[in-house]
$ cat model_4.pdb   # PDB, C-alpha atoms and all ligand atoms
MODEL        1
ATOM      1  CA  MET A   1     -16.187  -6.517 -10.794
ATOM      2  CA  ILE A   2     -15.222  -2.861 -10.917
ATOM      3  CA  LEU A   3     -11.971  -3.580 -12.792
ATOM      4  CA  LYS A   4     -10.983  -6.504 -14.989
ATOM      5  CA  ILE A   5      -7.576  -6.581 -16.601
ATOM      6  CA  ASN A   6      -6.732  -9.499 -18.866
ATOM      7  CA  ASN A   7      -3.249 -10.371 -20.128
ATOM      8  CA  LEU A   8      -2.082  -6.770 -20.172
ATOM      9  CA  VAL A   9       1.289  -6.058 -21.762
ATOM     10  CA  LYS A  10       3.123  -2.728 -21.968
ATOM     11  CA  ARG A  11       6.654  -2.301 -23.307
ATOM     12  CA  TYR A  12       8.930   0.723 -23.338
ATOM     13  CA  ASN A  13      11.333  -0.386 -26.068
ATOM     14  CA  GLU A  14      13.183  -3.298 -24.496
ATOM     15  CA  VAL A  15      11.696  -2.761 -20.987
ATOM     16  CA  LEU A  16       8.680  -4.958 -20.311
ATOM     17  CA  ALA A  17       6.995  -2.635 -17.772
ATOM     18  CA  VAL A  18       3.749  -4.669 -17.556
ATOM     19  CA  ASP A  19       4.210  -8.348 -18.235
ATOM     20  CA  ASN A  20       1.003 -10.229 -18.960
ATOM     21  CA  VAL A  21      -0.917  -8.931 -15.949
ATOM     22  CA  ASN A  22      -4.350 -10.221 -14.921
ATOM     23  CA  LEU A  23      -6.085  -8.218 -12.226
ATOM     24  CA  PHE A  24      -9.663  -8.372 -10.937
ATOM     25  CA  ILE A  25     -10.936  -5.908  -8.384
ATOM     26  CA  LYS A  26     -14.373  -6.099  -6.768
ATOM     27  CA  GLU A  27     -16.550  -3.146  -5.872
ATOM     28  CA  GLY A  28     -16.111  -1.914  -2.282
ATOM     29  CA  GLU A  29     -12.503  -2.948  -1.801
ATOM     30  CA  VAL A  30      -9.428  -1.072  -0.693
ATOM     31  CA  TYR A  31      -7.094  -2.903  -3.030
ATOM     32  CA  GLY A  32      -3.333  -2.706  -2.552
ATOM     33  CA  LEU A  33      -0.715  -2.811  -5.296
ATOM     34  CA  LEU A  34       2.568  -3.370  -3.534
ATOM     35  CA  GLY A  35       5.956  -3.414  -5.189
ATOM     36  CA  PRO A  36       9.391  -1.776  -5.117
ATOM     37  CA  ASN A  37      10.304   1.315  -7.161
ATOM     38  CA  GLY A  38      10.297   0.484 -10.844
ATOM     39  CA  ALA A  39       8.029  -2.568 -10.425
ATOM     40  CA  GLY A  40       5.536  -1.185 -12.947
ATOM     41  CA  LYS A  41       2.803   0.138 -10.637
ATOM     42  CA  THR A  42       2.577   3.603 -12.208
ATOM     43  CA  THR A  43       2.612   2.188 -15.731
ATOM     44  CA  LEU A  44      -0.205  -0.181 -14.791
ATOM     45  CA  ILE A  45      -2.226   2.681 -13.332
ATOM     46  CA  ASN A  46      -1.593   4.932 -16.297
ATOM     47  CA  THR A  47      -2.915   2.241 -18.624
ATOM     48  CA  ILE A  48      -6.027   1.870 -16.429
ATOM     49  CA  LEU A  49      -6.547   5.619 -16.799
ATOM     50  CA  GLY A  50      -6.072   5.517 -20.536
ATOM     51  CA  LEU A  51      -2.993   7.777 -20.194
ATOM     52  CA  THR A  52      -0.586   5.181 -21.525
ATOM     53  CA  ARG A  53      -1.331   3.035 -24.568
ATOM     54  CA  TYR A  54      -0.813  -0.662 -23.982
ATOM     55  CA  ASP A  55       0.515  -3.257 -26.413
ATOM     56  CA  ASP A  56      -1.742  -6.176 -25.665
ATOM     57  CA  GLY A  57      -4.597  -7.371 -23.462
ATOM     58  CA  SER A  58      -7.847  -5.743 -22.373
ATOM     59  CA  ILE A  59      -9.147  -3.470 -19.634
ATOM     60  CA  GLU A  60     -12.755  -3.348 -18.469
ATOM     61  CA  ILE A  61     -13.869  -0.789 -15.897
ATOM     62  CA  PHE A  62     -17.414  -0.697 -14.463
ATOM     63  CA  GLY A  63     -18.196  -3.567 -16.854
ATOM     64  CA  LYS A  64     -17.283  -1.504 -19.952
ATOM     65  CA  ASP A  65     -14.357  -1.759 -22.340
ATOM     66  CA  LEU A  66     -11.940   1.115 -21.636
ATOM     67  CA  LYS A  67     -11.051   1.746 -25.267
ATOM     68  CA  LYS A  68     -14.716   2.050 -26.343
ATOM     69  CA  HIS A  69     -16.064   3.999 -23.354
ATOM     70  CA  GLU A  70     -13.046   5.986 -22.180
ATOM     71  CA  TYR A  71     -14.877   9.281 -21.597
ATOM     72  CA  GLU A  72     -17.802   7.860 -19.557
ATOM     73  CA  ILE A  73     -15.453   5.691 -17.508
ATOM     74  CA  LYS A  74     -13.031   8.486 -16.662
ATOM     75  CA  LYS A  75     -15.839  10.680 -15.282
ATOM     76  CA  GLU A  76     -16.347   8.128 -12.504
ATOM     77  CA  ILE A  77     -12.668   7.818 -11.573
ATOM     78  CA  GLY A  78     -10.666   9.984  -9.181
ATOM     79  CA  ILE A  79      -6.915   9.903  -9.613
ATOM     80  CA  VAL A  80      -4.346  10.959  -7.050
ATOM     81  CA  PRO A  81      -1.163  10.892  -9.144
ATOM     82  CA  GLN A  82       2.306  10.311  -7.785
ATOM     83  CA  ASP A  83       3.468  13.670  -9.162
ATOM     84  CA  LEU A  84       1.324  16.440  -7.709
ATOM     85  CA  ALA A  85      -1.340  17.750 -10.071
ATOM     86  CA  ILE A  86      -2.143  21.122  -8.543
ATOM     87  CA  TYR A  87      -1.707  24.695  -9.702
ATOM     88  CA  GLU A  88       0.693  26.725  -7.575
ATOM     89  CA  ASP A  89      -0.819  30.061  -8.624
ATOM     90  CA  LEU A  90      -4.393  29.135  -7.679
ATOM     91  CA  THR A  91      -5.591  29.026  -4.054
ATOM     92  CA  ALA A  92      -6.586  25.692  -2.508
ATOM     93  CA  TYR A  93     -10.266  26.633  -3.087
ATOM     94  CA  GLU A  94      -9.637  27.597  -6.721
ATOM     95  CA  ASN A  95      -7.679  24.404  -7.391
ATOM     96  CA  ILE A  96     -10.587  22.243  -6.258
ATOM     97  CA  ALA A  97     -13.034  24.429  -8.161
ATOM     98  CA  TYR A  98     -10.962  24.004 -11.318
ATOM     99  CA  PHE A  99     -11.138  20.203 -11.094
ATOM    100  CA  GLY A 100     -14.843  20.361 -10.201
ATOM    101  CA  ARG A 101     -15.594  22.329 -13.365
ATOM    102  CA  LEU A 102     -13.605  19.807 -15.412
ATOM    103  CA  TYR A 103     -15.956  17.163 -14.042
ATOM    104  CA  GLY A 104     -18.934  19.243 -15.107
ATOM    105  CA  LEU A 105     -20.005  20.561 -11.700
ATOM    106  CA  ARG A 106     -21.524  24.042 -11.532
ATOM    107  CA  GLY A 107     -23.348  26.425  -9.177
ATOM    108  CA  ASN A 108     -24.408  25.343  -5.697
ATOM    109  CA  LEU A 109     -23.371  21.731  -6.162
ATOM    110  CA  LEU A 110     -19.861  22.841  -7.122
ATOM    111  CA  LYS A 111     -19.643  25.094  -4.042
ATOM    112  CA  GLU A 112     -20.967  22.370  -1.766
ATOM    113  CA  ARG A 113     -18.470  19.816  -3.058
ATOM    114  CA  ILE A 114     -15.500  22.207  -2.773
ATOM    115  CA  GLU A 115     -16.400  22.911   0.849
ATOM    116  CA  GLU A 116     -16.875  19.237   1.560
ATOM    117  CA  ALA A 117     -13.481  18.327   0.011
ATOM    118  CA  LEU A 118     -11.709  21.112   1.936
ATOM    119  CA  SER A 119     -13.177  19.929   5.255
ATOM    120  CA  PHE A 120     -12.553  16.282   4.451
ATOM    121  CA  THR A 121      -8.852  16.875   3.864
ATOM    122  CA  GLY A 122      -8.454  19.293   6.796
ATOM    123  CA  LEU A 123      -7.691  22.273   4.525
ATOM    124  CA  TRP A 124     -10.718  24.479   5.216
ATOM    125  CA  ASP A 125      -8.692  27.025   7.204
ATOM    126  CA  ARG A 126      -6.130  27.227   4.402
ATOM    127  CA  ARG A 127      -8.636  27.510   1.546
ATOM    128  CA  LYS A 128      -7.532  31.050   0.591
ATOM    129  CA  ASP A 129      -3.803  30.202   0.555
ATOM    130  CA  LEU A 130      -1.634  29.346  -2.417
ATOM    131  CA  PRO A 131      -0.143  25.821  -2.376
ATOM    132  CA  LYS A 132       3.384  27.260  -2.512
ATOM    133  CA  LYS A 133       2.915  28.093   1.185
ATOM    134  CA  PHE A 134       1.919  24.476   1.938
ATOM    135  CA  SER A 135       4.007  21.646   3.374
ATOM    136  CA  GLY A 136       4.470  18.517   1.237
ATOM    137  CA  GLY A 137       1.743  16.753   3.232
ATOM    138  CA  MET A 138      -0.751  19.591   2.719
ATOM    139  CA  LYS A 139      -0.066  19.606  -1.027
ATOM    140  CA  ARG A 140      -0.771  15.866  -1.086
ATOM    141  CA  ARG A 141      -4.027  16.461   0.783
ATOM    142  CA  LEU A 142      -5.011  19.152  -1.728
ATOM    143  CA  ASN A 143      -4.202  16.667  -4.509
ATOM    144  CA  ILE A 144      -6.626  14.251  -2.844
ATOM    145  CA  ALA A 145      -9.309  16.943  -2.397
ATOM    146  CA  CYS A 146      -9.155  17.656  -6.164
ATOM    147  CA  ALA A 147      -9.445  13.948  -6.965
ATOM    148  CA  ILE A 148     -12.439  13.104  -4.777
ATOM    149  CA  MET A 149     -14.655  16.167  -4.995
ATOM    150  CA  HIS A 150     -16.820  14.664  -7.784
ATOM    151  CA  HIS A 151     -17.601  11.555  -5.650
ATOM    152  CA  PRO A 152     -15.947   9.045  -7.973
ATOM    153  CA  LYS A 153     -16.887   5.354  -7.855
ATOM    154  CA  LEU A 154     -13.243   4.367  -8.190
ATOM    155  CA  ILE A 155     -10.324   6.249  -6.630
ATOM    156  CA  ILE A 156      -6.767   5.415  -7.661
ATOM    157  CA  MET A 157      -3.969   6.608  -5.426
ATOM    158  CA  ASP A 158      -0.401   6.275  -6.633
ATOM    159  CA  GLU A 159       2.029   6.384  -3.693
ATOM    160  CA  PRO A 160       0.169   9.252  -1.994
ATOM    161  CA  THR A 161       2.338   9.286   1.126
ATOM    162  CA  VAL A 162       5.843   9.471  -0.340
ATOM    163  CA  GLY A 163       7.990  12.084   1.412
ATOM    164  CA  ILE A 164       5.431  13.557   3.787
ATOM    165  CA  ASP A 165       5.194  14.160   7.534
ATOM    166  CA  PRO A 166       3.724  11.459   9.831
ATOM    167  CA  GLN A 167       0.647  13.552  10.669
ATOM    168  CA  SER A 168      -0.370  13.981   7.023
ATOM    169  CA  ARG A 169       0.395  10.319   6.369
ATOM    170  CA  LYS A 170      -1.957   9.296   9.196
ATOM    171  CA  MET A 171      -4.626  11.657   7.891
ATOM    172  CA  ILE A 172      -4.323  10.296   4.347
ATOM    173  CA  LEU A 173      -4.564   6.676   5.489
ATOM    174  CA  GLU A 174      -7.622   7.496   7.596
ATOM    175  CA  SER A 175      -9.203   9.354   4.695
ATOM    176  CA  VAL A 176      -8.729   6.303   2.434
ATOM    177  CA  LEU A 177     -10.751   4.201   4.866
ATOM    178  CA  LYS A 178     -13.413   6.930   5.197
ATOM    179  CA  LEU A 179     -13.756   7.280   1.423
ATOM    180  CA  ASN A 180     -14.156   3.523   1.210
ATOM    181  CA  GLN A 181     -16.855   3.542   3.908
ATOM    182  CA  MET A 182     -18.609   6.299   1.957
ATOM    183  CA  GLY A 183     -18.856   3.934  -1.020
ATOM    184  CA  SER A 184     -15.755   4.345  -3.204
ATOM    185  CA  THR A 185     -13.581   1.461  -4.311
ATOM    186  CA  ILE A 186      -9.911   2.329  -3.838
ATOM    187  CA  ILE A 187      -6.781   1.130  -5.586
ATOM    188  CA  TYR A 188      -3.809   2.062  -3.442
ATOM    189  CA  THR A 189      -0.250   1.640  -4.675
ATOM    190  CA  SER A 190       2.726   1.804  -2.386
ATOM    191  CA  HIS A 191       6.123   0.396  -1.626
ATOM    192  CA  TYR A 192       5.406   0.787   2.105
ATOM    193  CA  MET A 193       4.221  -2.612   3.200
ATOM    194  CA  GLU A 194       3.001  -1.305   6.602
ATOM    195  CA  GLU A 195       0.506   1.000   4.855
ATOM    196  CA  VAL A 196      -0.811  -1.639   2.521
ATOM    197  CA  GLU A 197      -1.065  -4.049   5.430
ATOM    198  CA  ALA A 198      -2.968  -1.502   7.531
ATOM    199  CA  ILE A 199      -5.646  -0.476   5.029
ATOM    200  CA  CYS A 200      -5.976  -2.983   2.176
ATOM    201  CA  SER A 201      -8.392  -5.916   2.121
ATOM    202  CA  ASN A 202      -6.715  -7.597  -0.855
ATOM    203  CA  ILE A 203      -3.198  -7.142  -2.090
ATOM    204  CA  THR A 204      -1.279  -7.858  -5.271
ATOM    205  CA  ILE A 205       2.505  -7.861  -5.136
ATOM    206  CA  VAL A 206       4.250  -6.758  -8.343
ATOM    207  CA  ASP A 207       7.890  -7.038  -9.308
ATOM    208  CA  HIS A 208       9.541  -6.433 -12.700
ATOM    209  CA  GLY A 209       6.114  -5.870 -14.287
ATOM    210  CA  LYS A 210       4.783  -9.236 -13.146
ATOM    211  CA  ILE A 211       2.321 -10.244 -10.468
ATOM    212  CA  ILE A 212       4.249 -12.459  -8.106
ATOM    213  CA  ALA A 213       1.588 -13.036  -5.453
ATOM    214  CA  ARG A 214      -1.923 -11.999  -4.512
ATOM    215  CA  GLY A 215      -4.438 -12.541  -1.743
ATOM    216  CA  THR A 216      -5.478 -11.170   1.621
ATOM    217  CA  LYS A 217      -2.599 -10.258   3.919
ATOM    218  CA  GLU A 218      -3.252 -13.454   5.897
ATOM    219  CA  GLU A 219      -3.132 -15.562   2.726
ATOM    220  CA  LEU A 220       0.080 -13.875   1.602
ATOM    221  CA  LYS A 221       1.758 -14.388   4.948
ATOM    222  CA  ALA A 222       0.673 -18.022   5.052
ATOM    223  CA  MET A 223       2.592 -18.501   1.770
ATOM    224  CA  ILE A 224       5.908 -18.137   3.486
ATOM    225  CA  SER A 225       7.092 -20.846   5.741
ATOM    226  CA  PHE A 226       8.014 -18.860   8.787
ATOM    227  CA  GLU A 227       9.671 -20.259  11.821
ATOM    228  CA  GLU A 228       8.573 -18.874  15.156
ATOM    229  CA  ARG A 229      11.159 -16.468  16.448
ATOM    230  CA  LEU A 230      11.239 -15.359  20.059
ATOM    231  CA  ASN A 231      13.410 -12.694  21.643
ATOM    232  CA  ILE A 232      13.501 -13.100  25.414
ATOM    233  CA  GLU A 233      15.303 -10.660  27.650
ATOM    234  CA  VAL A 234      16.506 -12.307  30.844
ATOM    235  CA  SER A 235      18.149 -11.219  34.104
ATOM    236  CA  SER A 236      21.162 -13.492  33.676
ATOM    237  CA  VAL A 237      22.339 -16.179  31.302
ATOM    238  CA  ASN A 238      24.378 -19.298  31.630
ATOM    239  CA  TYR A 239      25.539 -22.148  29.462
ATOM    240  CA  ASN A 240      23.076 -24.625  31.015
ATOM    241  CA  LEU A 241      20.091 -22.421  30.160
ATOM    242  CA  VAL A 242      21.046 -22.121  26.474
ATOM    243  CA  GLU A 243      21.843 -25.842  26.206
ATOM    244  CA  GLY A 244      18.632 -26.771  28.052
ATOM    245  CA  LEU A 245      16.534 -24.686  25.643
ATOM    246  CA  LYS A 246      18.333 -26.142  22.603
ATOM    247  CA  LYS A 247      17.334 -29.628  23.708
ATOM    248  CA  MET A 248      13.628 -28.792  23.913
ATOM    249  CA  GLU A 249      11.250 -30.404  21.466
ATOM    250  CA  ASP A 250      10.550 -28.178  18.383
ATOM    251  CA  VAL A 251      13.373 -25.736  19.221
ATOM    252  CA  LYS A 252      15.702 -25.450  16.224
ATOM    253  CA  GLU A 253      18.162 -22.892  17.495
ATOM    254  CA  CYS A 254      18.963 -20.897  20.604
ATOM    255  CA  SER A 255      21.574 -18.155  20.691
ATOM    256  CA  LEU A 256      22.582 -15.364  22.954
ATOM    257  CA  ASP A 257      23.014 -11.648  22.344
ATOM    258  CA  GLY A 258      24.015  -9.946  25.614
ATOM    259  CA  LYS A 259      21.112 -10.718  27.909
ATOM    260  CA  LYS A 260      18.762 -11.551  25.042
ATOM    261  CA  LEU A 261      17.953 -15.080  24.003
ATOM    262  CA  LEU A 262      16.953 -15.645  20.387
ATOM    263  CA  ILE A 263      14.996 -18.860  20.116
ATOM    264  CA  ILE A 264      13.865 -20.226  16.749
ATOM    265  CA  SER A 265      11.216 -22.929  16.830
ATOM    266  CA  LYS A 266       9.623 -24.946  14.056
ATOM    267  CA  LYS A 267       6.571 -23.505  12.272
ATOM    268  CA  ASN A 268       3.405 -23.805  14.406
ATOM    269  CA  ALA A 269       5.376 -25.041  17.413
ATOM    270  CA  ASN A 270       3.294 -22.920  19.837
ATOM    271  CA  ASN A 271       5.762 -23.630  22.614
ATOM    272  CA  LEU A 272       6.021 -20.191  24.234
ATOM    273  CA  SER A 273       4.686 -21.309  27.624
ATOM    274  CA  LYS A 274       6.980 -24.353  27.702
ATOM    275  CA  ILE A 275       9.996 -22.152  26.942
ATOM    276  CA  ILE A 276       9.024 -19.700  29.656
ATOM    277  CA  ASP A 277       8.569 -22.590  32.153
ATOM    278  CA  GLU A 278      12.034 -23.891  31.276
ATOM    279  CA  ILE A 279      13.645 -20.466  31.871
ATOM    280  CA  VAL A 280      11.818 -19.941  35.159
ATOM    281  CA  LYS A 281      12.765 -23.468  36.275
ATOM    282  CA  MET A 282      16.419 -22.484  35.887
ATOM    283  CA  GLY A 283      15.832 -19.637  38.352
ATOM    284  CA  VAL A 284      16.237 -16.920  35.692
ATOM    285  CA  GLU A 285      13.936 -13.871  35.630
ATOM    286  CA  ILE A 286      12.265 -12.786  32.387
ATOM    287  CA  HIS A 287      12.358  -9.049  31.659
ATOM    288  CA  GLY A 288      10.705  -9.034  28.249
ATOM    289  CA  VAL A 289       9.328 -11.258  25.486
ATOM    290  CA  ASN A 290       9.017 -10.293  21.847
ATOM    291  CA  ILE A 291       7.473 -12.585  19.246
ATOM    292  CA  GLU A 292       8.535 -11.815  15.653
ATOM    293  CA  LYS A 293       5.572 -12.106  13.295
ATOM    294  CA  PRO A 294       5.661 -12.670   9.524
ATOM    295  CA  THR A 295       5.258  -9.467   7.480
ATOM    296  CA  LEU A 296       4.532  -8.631   3.841
ATOM    297  CA  GLU A 297       8.157  -7.494   3.644
ATOM    298  CA  GLY A 298       9.072 -11.079   4.591
ATOM    299  CA  VAL A 299       6.761 -12.406   1.866
ATOM    300  CA  PHE A 300       8.468 -10.221  -0.733
ATOM    301  CA  LEU A 301      11.896 -11.194   0.523
ATOM    302  CA  THR A 302      11.068 -14.889   0.377
ATOM    303  CA  LEU A 303       9.598 -14.644  -3.135
ATOM    304  CA  THR A 304      12.282 -12.467  -4.717
ATOM    305  CA  GLY A 305      15.329 -12.702  -2.468
ATOM    306  CA  ARG A 306      15.307  -8.890  -2.266
ATOM    307  CA  SER A 307      13.941  -6.341   0.148
ATOM    308  CA  LEU A 308      11.034  -4.098  -0.965
ATOM    309  CA  ARG A 309      13.209  -1.031  -0.448
ATOM    310  CA  ASP A 310      16.378  -2.191  -2.199
TER
HETATM  311  N1  LIG A 401       8.129   6.682 -20.192
HETATM  312  C1  LIG A 401       8.971   5.667 -20.004
HETATM  313  N2  LIG A 401       9.915   5.347 -20.912
HETATM  314  C2  LIG A 401      10.749   4.300 -20.733
HETATM  315  N3  LIG A 401      10.731   3.481 -19.660
HETATM  316  C3  LIG A 401       9.817   3.740 -18.704
HETATM  317  C4  LIG A 401       8.896   4.835 -18.821
HETATM  318  N4  LIG A 401       8.095   4.840 -17.711
HETATM  319  C5  LIG A 401       8.505   3.800 -16.942
HETATM  320  N5  LIG A 401       9.536   3.129 -17.545
HETATM  321  C6  LIG A 401      10.205   1.922 -17.013
HETATM  322  O1  LIG A 401       9.205   0.944 -16.782
HETATM  323  C7  LIG A 401       9.451   0.244 -15.543
HETATM  324  C8  LIG A 401       8.282   0.412 -14.601
HETATM  325  O2  LIG A 401       8.243   1.758 -14.124
HETATM  326  P1  LIG A 401       7.042   2.349 -13.252
HETATM  327  O3  LIG A 401       7.264   3.817 -13.079
HETATM  328  O4  LIG A 401       5.749   1.909 -13.795
HETATM  329  O5  LIG A 401       7.289   1.597 -11.858
HETATM  330  P2  LIG A 401       6.699   1.908 -10.412
HETATM  331  O6  LIG A 401       6.456   0.602  -9.759
HETATM  332  O7  LIG A 401       5.547   2.824 -10.505
HETATM  333  O8  LIG A 401       7.898   2.626  -9.700
HETATM  334  P3  LIG A 401       7.948   4.063  -9.004
HETATM  335  O9  LIG A 401       7.245   3.913  -7.725
HETATM  336  O10 LIG A 401       9.424   4.311  -8.875
HETATM  337  O11 LIG A 401       7.281   5.008  -9.962
HETATM  338  C9  LIG A 401      10.758   0.787 -15.017
HETATM  339  O12 LIG A 401      11.794  -0.062 -15.455
HETATM  340  C10 LIG A 401      10.861   2.154 -15.662
HETATM  341  O13 LIG A 401      12.212   2.532 -15.804
ENDMDL
END

$ encode --input "model_4.pdb" --output "structure tokens" --more "lines below"
Ligand SMILES: Nc1ncnc2c1ncn2[C@@H]1O[C@H](COP(=O)(O)OP(=O)(O)OP(=O)(O)O)[C@@H](O)[C@H]1O
Amino acid sequence: MILKINNLVKRYNEVLAVDNVNLFIKEGEVYGLLGPNGAGKTTLINTILGLTRYDDGSIEIFGKDLKKHEYEIKKEIGIVPQDLAIYEDLTAYENIAYFGRLYGLRGNLLKERIEEALSFTGLWDRRKDLPKKFSGGMKRRLNIACAIMHHPKLIIMDEPTVGIDPQSRKMILESVLKLNQMGSTIIYTSHYMEEVEAICSNITIVDHGKIIARGTKEELKAMISFEERLNIEVSSVNYNLVEGLKKMEDVKECSLDGKKLLIISKKNANNLSKIIDEIVKMGVEIHGVNIEKPTLEGVFLTLTGRSLRD
């Protein structure tokens, strides 16, 4: 285990920001912490980094107690904070160099690692520029370059794609997977379920400081009972078609929206081909079929009754 958190509690006066959290993360994972704004993700991360004191529980990182071995542990962690941690009056190169020196790198190794981090984040051509000339996405990438240049064993990224352009977002997500392939374990927090779904092997969903679900994305989705929903666009519709479909085995509901049929079947009905046969039999052409799949957003909605982005 690279991280073991037992019964962690953190209060801010009357706000219970971390409520008895247990979290175990294995080496080699891209681990997702998913939850809406205010769920407690940043507080949890700040306690892992020793930046916020906690009230109860224990944290072990790399098999060592955080309180007893804070300095050694922190040397092996790279943090990409939610609020940018870069200096506006230093160039991109100098920013990375500054962090490298903090991690004890000097001479040729320092130079090598700065160049590597600049290339890795696609900032080599902008190395002599000040971050104030950068877009939000480039600043985020520089933030990442500063966090990874010492080859940390564990990289923690706190909402690294908030408010940036799609191209930088894509680059950041790809770089997370590359860093993982190069040997780092990653903890990735986000309130964007699509991102967590795309890159994380295991996911914990947090809400109001509590863990409400955890597992692989498949396990999480299997938790929600999800009916099969089909949207079928047809050439024409008539009363007999809708009534005929309603009478089919396993079909719970059939309704019409213009020339679109919405058909809800029981879980695991697997009756797509039968439905299509029935429509064709009625002499109606099919122009499109869309099958709605369960999502992590749906899992959150089912568990809490709220949307992730409320
Ligand atoms: N320094 C603080 N003092 C008082 N309350 C705080 C402090 N920091 C966070 N909180 C509260 O603790 C709870 C958890 O906040 P936290 O920032 O950890 O959530 P989050 O999931 O990271 O959300 P976001 O993505 O918006 O940062 C919230 O209710 C927040 O208002």

$ residues_near_ligand --input "model_4.pdb" --ligand "ligand LIG 401 (chain A)" --cutoff "10 Å" --atoms "only C-alpha atoms and all ligand atoms" --output "PDB file with C-alpha atoms, in the frame of the given file"
ATOM      1  CA  LYS A  10       3.123  -2.728 -21.968  1.00  0.00           C
ATOM      2  CA  ARG A  11       6.654  -2.301 -23.307  1.00  0.00           C
ATOM      3  CA  TYR A  12       8.930   0.723 -23.338  1.00  0.00           C
ATOM      4  CA  ASN A  13      11.333  -0.386 -26.068  1.00  0.00           C
ATOM      5  CA  GLU A  14      13.183  -3.298 -24.496  1.00  0.00           C
ATOM      6  CA  VAL A  15      11.696  -2.761 -20.987  1.00  0.00           C
ATOM      7  CA  LEU A  16       8.680  -4.958 -20.311  1.00  0.00           C
ATOM      8  CA  ALA A  17       6.995  -2.635 -17.772  1.00  0.00           C
ATOM      9  CA  VAL A  18       3.749  -4.669 -17.556  1.00  0.00           C
ATOM     10  CA  LEU A  33      -0.715  -2.811  -5.296  1.00  0.00           C
ATOM     11  CA  LEU A  34       2.568  -3.370  -3.534  1.00  0.00           C
ATOM     12  CA  GLY A  35       5.956  -3.414  -5.189  1.00  0.00           C
ATOM     13  CA  PRO A  36       9.391  -1.776  -5.117  1.00  0.00           C
ATOM     14  CA  ASN A  37      10.304   1.315  -7.161  1.00  0.00           C
ATOM     15  CA  GLY A  38      10.297   0.484 -10.844  1.00  0.00           C
ATOM     16  CA  ALA A  39       8.029  -2.568 -10.425  1.00  0.00           C
ATOM     17  CA  GLY A  40       5.536  -1.185 -12.947  1.00  0.00           C
ATOM     18  CA  LYS A  41       2.803   0.138 -10.637  1.00  0.00           C
ATOM     19  CA  THR A  42       2.577   3.603 -12.208  1.00  0.00           C
ATOM     20  CA  THR A  43       2.612   2.188 -15.731  1.00  0.00           C
ATOM     21  CA  LEU A  44      -0.205  -0.181 -14.791  1.00  0.00           C
ATOM     22  CA  ILE A  45      -2.226   2.681 -13.332  1.00  0.00           C
ATOM     23  CA  ASN A  46      -1.593   4.932 -16.297  1.00  0.00           C
ATOM     24  CA  THR A  47      -2.915   2.241 -18.624  1.00  0.00           C
ATOM     25  CA  THR A  52      -0.586   5.181 -21.525  1.00  0.00           C
ATOM     26  CA  GLN A  82       2.306  10.311  -7.785  1.00  0.00           C
ATOM     27  CA  ASP A  83       3.468  13.670  -9.162  1.00  0.00           C
ATOM     28  CA  ASP A 158      -0.401   6.275  -6.633  1.00  0.00           C
ATOM     29  CA  GLU A 159       2.029   6.384  -3.693  1.00  0.00           C
ATOM     30  CA  VAL A 162       5.843   9.471  -0.340  1.00  0.00           C
ATOM     31  CA  THR A 189      -0.250   1.640  -4.675  1.00  0.00           C
ATOM     32  CA  SER A 190       2.726   1.804  -2.386  1.00  0.00           C
ATOM     33  CA  HIS A 191       6.123   0.396  -1.626  1.00  0.00           C
ATOM     34  CA  VAL A 206       4.250  -6.758  -8.343  1.00  0.00           C
ATOM     35  CA  ASP A 207       7.890  -7.038  -9.308  1.00  0.00           C
ATOM     36  CA  HIS A 208       9.541  -6.433 -12.700  1.00  0.00           C
ATOM     37  CA  GLY A 209       6.114  -5.870 -14.287  1.00  0.00           C
TER      38      GLY A 209
END

$ residues_near_point --input "model_4.pdb" --point "(-7.8, 17.0, -1.4)" --cutoff "9 Å" --atoms "only C-alpha atoms" --output "VMD selection string"
chain A and resid 80 92 96 117 to 118 120 to 123 138 to 149

$ resolve_selection --input "model_4.pdb" --expression "the PyMOL selection byres (((chain A and resi 110-115) around 8) and not hetatm)" --output "list in words"
Tyr93, Ile96, Ala97, Gly100, Arg101, Leu105, Arg106, Gly107, Asn108, Leu109, Glu116, Ala117, Leu118, Ser119, Trp124, Met149 and His150 of chain A

$ resolve_selection --input "model_4.pdb" --expression "the PyMOL selection byres (((chain A and resi 294) around 10) and not hetatm)" --output "PyMOL selection string"
chain A and resi 218+220-222+224-229+291-293+295-299

$ closest_residue --input "model_4.pdb" --among "A:Leu3, A:Ile276, A:Gly104, A:Arg126" --to "Asp65 of chain A" --atoms "all atoms listed in the file"
A:Leu3

$ residues_around --input "model_4.pdb" --residues "Ile79 of chain A" --least-positions-apart "3" --cutoff "7 Å" --atoms "only C-alpha atoms" --output "list in words"
Ala147, Ile155, Ile156 and Met157 of chain A

$ closest_residue --input "model_4.pdb" --among "A:Lys170, A:Lys132, A:His151, A:Lys281" --to "Lys75 of chain A" --atoms "only C-alpha atoms"
A:His151

$ residues_near_point --input "model_4.pdb" --point "(1.4, -3.5, -26.9)" --cutoff "8 Å" --atoms "all atoms listed in the file" --output "PyMOL selection string"
chain A and resi 9-11+53-57

$ closest_residue --input "model_4.pdb" --among "A:Leu173, A:Arg127, A:Gly32, A:Asp257" --to "Lys217 of chain A" --atoms "all atoms listed in the file"
A:Gly32
